[in-house]
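Enquirer: Next up is a structure, given as structure tokens.
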Amino acid sequence: MSATVRKLPSPTPSARAPVRPAPPARPPFRDNPKLILLGIGLLLAALVAMITLADRSTEFYPDFLSEVVLYALSVADLTMLVALAFVLARNIIKLVVERRRALPFARFRAKLVAALLGMTIIPSVLVLIVGSELIRNSANRWFNPPIEEVLSSANEIAGDYYEERSGVVADHARRIADALPAERVADGDVGAVRDAIAPEVTEGRIGMVEVYQVHPDAAGRPDVSALVAVEAPTLPRDHERASADRLAARVAAGSTETRALDRLDSGGELVRAASAVRDAAGKVVGVVVASDTLSGELASHSRRITEAYEAYSQLKVLKRPLEGVYLSFFLMVTLMILVSATWMGLYVAKRITRPVQRLAAGAREIGAGHLDHRIEPETADEFGALVEAFNAMAGELAVSRRRIERSRIDLERKSQEIDERRRYFETILGRIATGVIAIGADGAVTAINGAALRLLGLEGPVVGEPIRTVLAREPLEPLRHLVEDRRPGALEPAAHEISFVTGGHETRLSVTATTLVSDAGSVEGMVLVLDDVTPLIRAQRVAAWRDVARRLAHEIKNPLTPIQLCAERLRRHFAQAPPQARALVEECTGTIVGEVESLKGLVDEFSQFARMPAPRTVPTDVHALLDEALALYNGLLRTVHLHRAFASGLPLVRVDPEQIRRVVINLVDNAVEALGGPSGAAADGTPGRITVETQYDATNGVARVIVADNGPGISEADREKLFMPYYSTKRRGSGLGLAIVRRIVAEHGGSIEVGDNVPTGTRFTIELPC
């Protein structure tokens with residue numbers, strides 16, 4: 001008896017039909033019988049692979065067996081142990097949590113799981129202990145001392161036999177080498193040498209004798225060549241001469257290795273020994289190589305003894321790795337049984353208790369408000385009837401919930417529309433440049449946008465504070481008086497213009513106060529709208545000064561020429577007068593002409609300010625333009641240093657070269673005068689320094705020209721008026737220079753700012769679009 005839990009789609013508000021049960025849900029992936037069969041197949045395949053690997057373990061190299069196979073098995077054992085611990089811990093924690101939550105069948109499931117685990121773990125641990133001891137005892141019996149002694153003695157006998165035969169052959173080679181006449185070998189007398197060695201072979205004392213002649217090569221090293229060889233008829237024909245050549249070459253070179261053993265294809269072995277033939281001076285003139293055969297049967301027995309001993313020695317080295325491999329195999333099989341049995345026990349316990357748990361879970365889902373939750377009945381017994389009743393109850397609750405949901409959706413839609421409208425108005429207020437302040441009926445600020453904060457220079461939280469406290473600063477007193485003087489019953493908007501100074505800057509605002517009245521006629525507060533008219537006032541002033549300049553230029557310039565002509569005529573008329581009178585006339589007429597020239601220069605500046613031509617922009621190299629302008633000061637500045645700091649990669653800028661040159665010259669002239677003239681210095685006595693710098697801001701697409709000096713600087717109060725016409729901080733001048741500079745820069749679409757230089761002085765920054 002079991003059931004499957006599923007979720008139906010959420011009902012729409014217009015749904016009226018009863019909820020129909022959906023088709024049976026697919027079982028979980030881990031409950032798929034095909035998956036279980038696949039896991040069993042993989043388990044059997046792993047067992048077969050482990051058995052095969054165990055059978056071939058003796059064929060592996062010791063390093064491979066101990067470093068690869070044993071390590072891999074240890075990692076696999078550790079992984080399976082961690083997996084077993086994880087599965088056990090996870091399910092035990094789940095059982096503990098289920099018991100604490102008092103879930104249905106929680107106690108029964110805990111007891112069932114404990115019984116299955118006990119029936120699995122206890123026998124597996126006992127089998128693991130007994131099997132481990134059995135493997136250790138078997139390994140000790142495999143490598144007991146009697147077998148090792150027998151194999152060691154047999155190997156020593158075989159080695160002694162080989163050593164004895166090699167010694168006999170070496171004695172023959174040494175005796176023959178001593179008996180051979182060295183001069184015959186050195187002369188290559190084959191007949192004499194053959195006659196000397198033949199009796200040794202024909203009499204059966206040795207199987208074969210080979211004589212090599214030694215002579216130096218081109219590099220002076222000993223070289224051997226075969227001189228004569230005599231062998232017995234009984235000697236096997238499948239021996240190789242190359243082995244004798246190599247042995248003779250080694251002995252001729254002075255090597256102490258004078259013996260060799262060659263295995264023959266016929267089954268026997270050929271024992272070789274070499275000895276040097278020396279002349280009276282002790283020089284090696286030849287080499288004698290004596291060879292004799294060992295019978296095939298005797299050599300075969302010796303080889304088998306040696307191979308058996310070597311195999312036993314290798315197997316002995318593998319004792320610990322083999323023991324570890326077998327123990328790891330056994331532990332892996334045990335862990336696989338434990339993991340499989342544990343998982344199967346938990347799976348069976350879950351399959352038994354799952355139906356009731358799903359019904360309880362369905363009840364909790366309904367209690368949590370998930371009324372679309374259903375349980376698919378899988379049987380037609382009492383449990384199936386209980387499931388049908390549960391689904392019917394959930395359907396009735398869903399119908400009631402649907403009615404409430406429709407009402408909630410309507411309310412949420414209206415609330416969302418109100419929120420969207422509020423956010424829309426907040427976005428507008430945040431983006432506009434006009435300041436807006438909303439004041440409640442109690443005199444507290446209810447809303448304020450960023451423009452108002454910026455215009456009034458307010459910082460920190462303002463909303464909720466009384467408007468009198470917000471505007472309590474002395475510069476904002478005109479605005480506070482405007483709010484306080486507003487009559488409570490005044491409904492018409494009132495517009496005022498106020499000005500105040502903050503941070504050394506004069507700000508002029510156009511303030512409109514509007515009273516907020518509700519539909520019932522009660523006053524709910526006030527709205528202040530702030531418009532910054534400072535740029536407009538500044539433009540009006542500049543226009544007025546331009547008109548004044550035009551009138552002054554017209555009215556003053558007309559009488560200047562007659563005055564200058566009259567003065568020059570008086571000078572010529574009194575040229576023949578007495579010296580005292582002539583000197584007086586020269587002084588007076590010189591003063592008149594000089595002042596007229598000064599007035600003409602002033603009138604020219606007025607005219608230029610009033611009628612400045614539009615810039616004719618062309619792509620210009622700013623660095624070349626600056627070099628041309630600064631070249632005018634070469635040789636003129638004595639103690640003032642003119643420093644260039646040009647940025648690399650500055651592109652061409654569209655400017656009017658003549659006008660920008662005039663801007664730079666004006667700013668450099670002002671810097672020179674601020675330092676006290678061409679021979680001036682800084683305020684601290686250090687040499688005067690003027691820096692002309694360029695920068696390129698690729699992000700904003702602007703080029704910057706900076707003129708900085710280390711003079712006394714400009715006060716904060718004078719900076720705002722610095723660019724106004726006819727305002728000057730110098731004792732002489734018209735006050736139009738910086739006004740013209742600002743106008744030129746503005747007509748190029750740029751801006752100019754003035755600030756403090758570090759550590760002292762003034763810094764003018766011009767920004768021109770690239």
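Within each chain, counting starts at residue 1; across the structure tokens, chains are named A, B, ... in the order shown, with ligands numbered 1 upward in that order.
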Applying 7 Å and only C-alpha atoms, which residues near Val445 of chain A remain after dropping the ones on its own chain fewer than 2 positions away? List them as a list of chain:residue names.

Expert: A:Ala438, A:Ile439, A:Gly440, A:Gly443, A:Ala447, A:Val462, A:Val463, A:Gly464, A:Glu465, A:Pro466, A:Ile467

Enquirer: Could you turn the residues from that selection into a file that holds C-alpha atoms, as a CSV table (one decimal), in the first residue's frame?

Expert:
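Everything below was put into out-v3.csv:
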chain,number,residue,atom,x,y,z
A,438,ALA,CA,7.4,69.8,0.2
A,439,ILE,CA,6.4,71.0,3.7
A,440,GLY,CA,3.7,69.4,5.8
A,443,GLY,CA,6.0,72.6,9.3
A,447,ALA,CA,10.0,65.6,0.6
A,462,VAL,CA,16.5,66.5,5.9
A,463,VAL,CA,13.1,64.8,5.6
A,464,GLY,CA,11.2,64.9,8.9
A,465,GLU,CA,13.1,68.0,10.2
A,466,PRO,CA,11.3,71.3,10.8
A,467,ILE,CA,11.7,73.7,7.9

Enquirer: I need the strand (DSSP E) residues of segment 648-726 of chain A per DSSP on the backbone, written as a list of chain:residue names.

Expert: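 Residues meeting the strand (DSSP E) criterion: A:Val653, A:Arg654, A:Val655, A:Arg689, A:Ile690, A:Thr691, A:Val692, A:Glu693, A:Thr694, A:Gln695, A:Tyr696, A:Asp697, A:Val702, A:Ala703, A:Arg704, A:Val705, A:Ile706, A:Val707, A:Ala708, A:Asp709.
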
Enquirer: For a quick check of understanding, using only C-alpha atoms, which of A:Asp697, A:Glu164, A:Asp292, A:Asp279 has the smallest distance to Glu231 of chain A?

Expert: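 Smallest separation from Glu231 of chain A among the options: A:Asp292.
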
Enquirer: Out of A:Ile660, A:Leu346, A:Met336, A:Ile437, which residue has the shortest atom-to-atom distance to Ala114 of chain A when counting only C-alpha atoms?

Expert: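 Closest to Ala114 of chain A, using only C-alpha atoms: A:Leu346.
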
Enquirer: Interatomic distance between atom CA of Lys94 of chain A and atom CA of Val333 of chain A?

Expert: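 Taking atom CA of Lys94 of chain A as the start and atom CA of Val333 of chain A as the end point, the length is 27.4 Å.
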
Enquirer: For Arg246 of chain A, work out the shell of residues within 10 Å, counting only C-alpha atoms and skipping chain neighbours fewer than 5 positions away, then give it as a VMD selection string.

Expert: chain A and resid 224 241 251 to 252 260

Enquirer: Measuring atom to atom with only C-alpha atoms, identify which of A:Val190, A:Glu420, A:Ala341, A:Asp223 is nearest to Ile122 of chain A.

Expert: A:Ala341

Enquirer: Residues within 7 Å of Val113 of chain A, please, as a PDB file with C-alpha atoms, in the first residue's frame. Count only C-alpha atoms; anything in the same chain fewer than 3 positions from it doesn't count.

Expert:
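Wrote around-v2.pdb, looks like this:
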ATOM      1  CA  ARG A 109      11.401   3.237  10.759  1.00  0.00           C
ATOM      2  CA  ALA A 110      14.232   3.918  13.219  1.00  0.00           C
ATOM      3  CA  LEU A 116      18.882  -4.141   9.362  1.00  0.00           C
ATOM      4  CA  LEU A 117      22.147  -2.310  10.070  1.00  0.00           C
ATOM      5  CA  GLY A 345      18.151  -1.776   4.172  1.00  0.00           C
ATOM      6  CA  LEU A 346      17.507   1.945   4.147  1.00  0.00           C
ATOM      7  CA  ALA A 349      12.649   0.803   5.288  1.00  0.00           C
TER       8      ALA A 349
END

Enquirer: Using only C-alpha atoms, determine which residues lie at most 7 Å from segment 509-522 of chain A, disregarding the query and same-chain residues fewer than 6 positions distant; provide the list as a PyMOL selection string.

Expert: chain A and resi 491-499+528-533
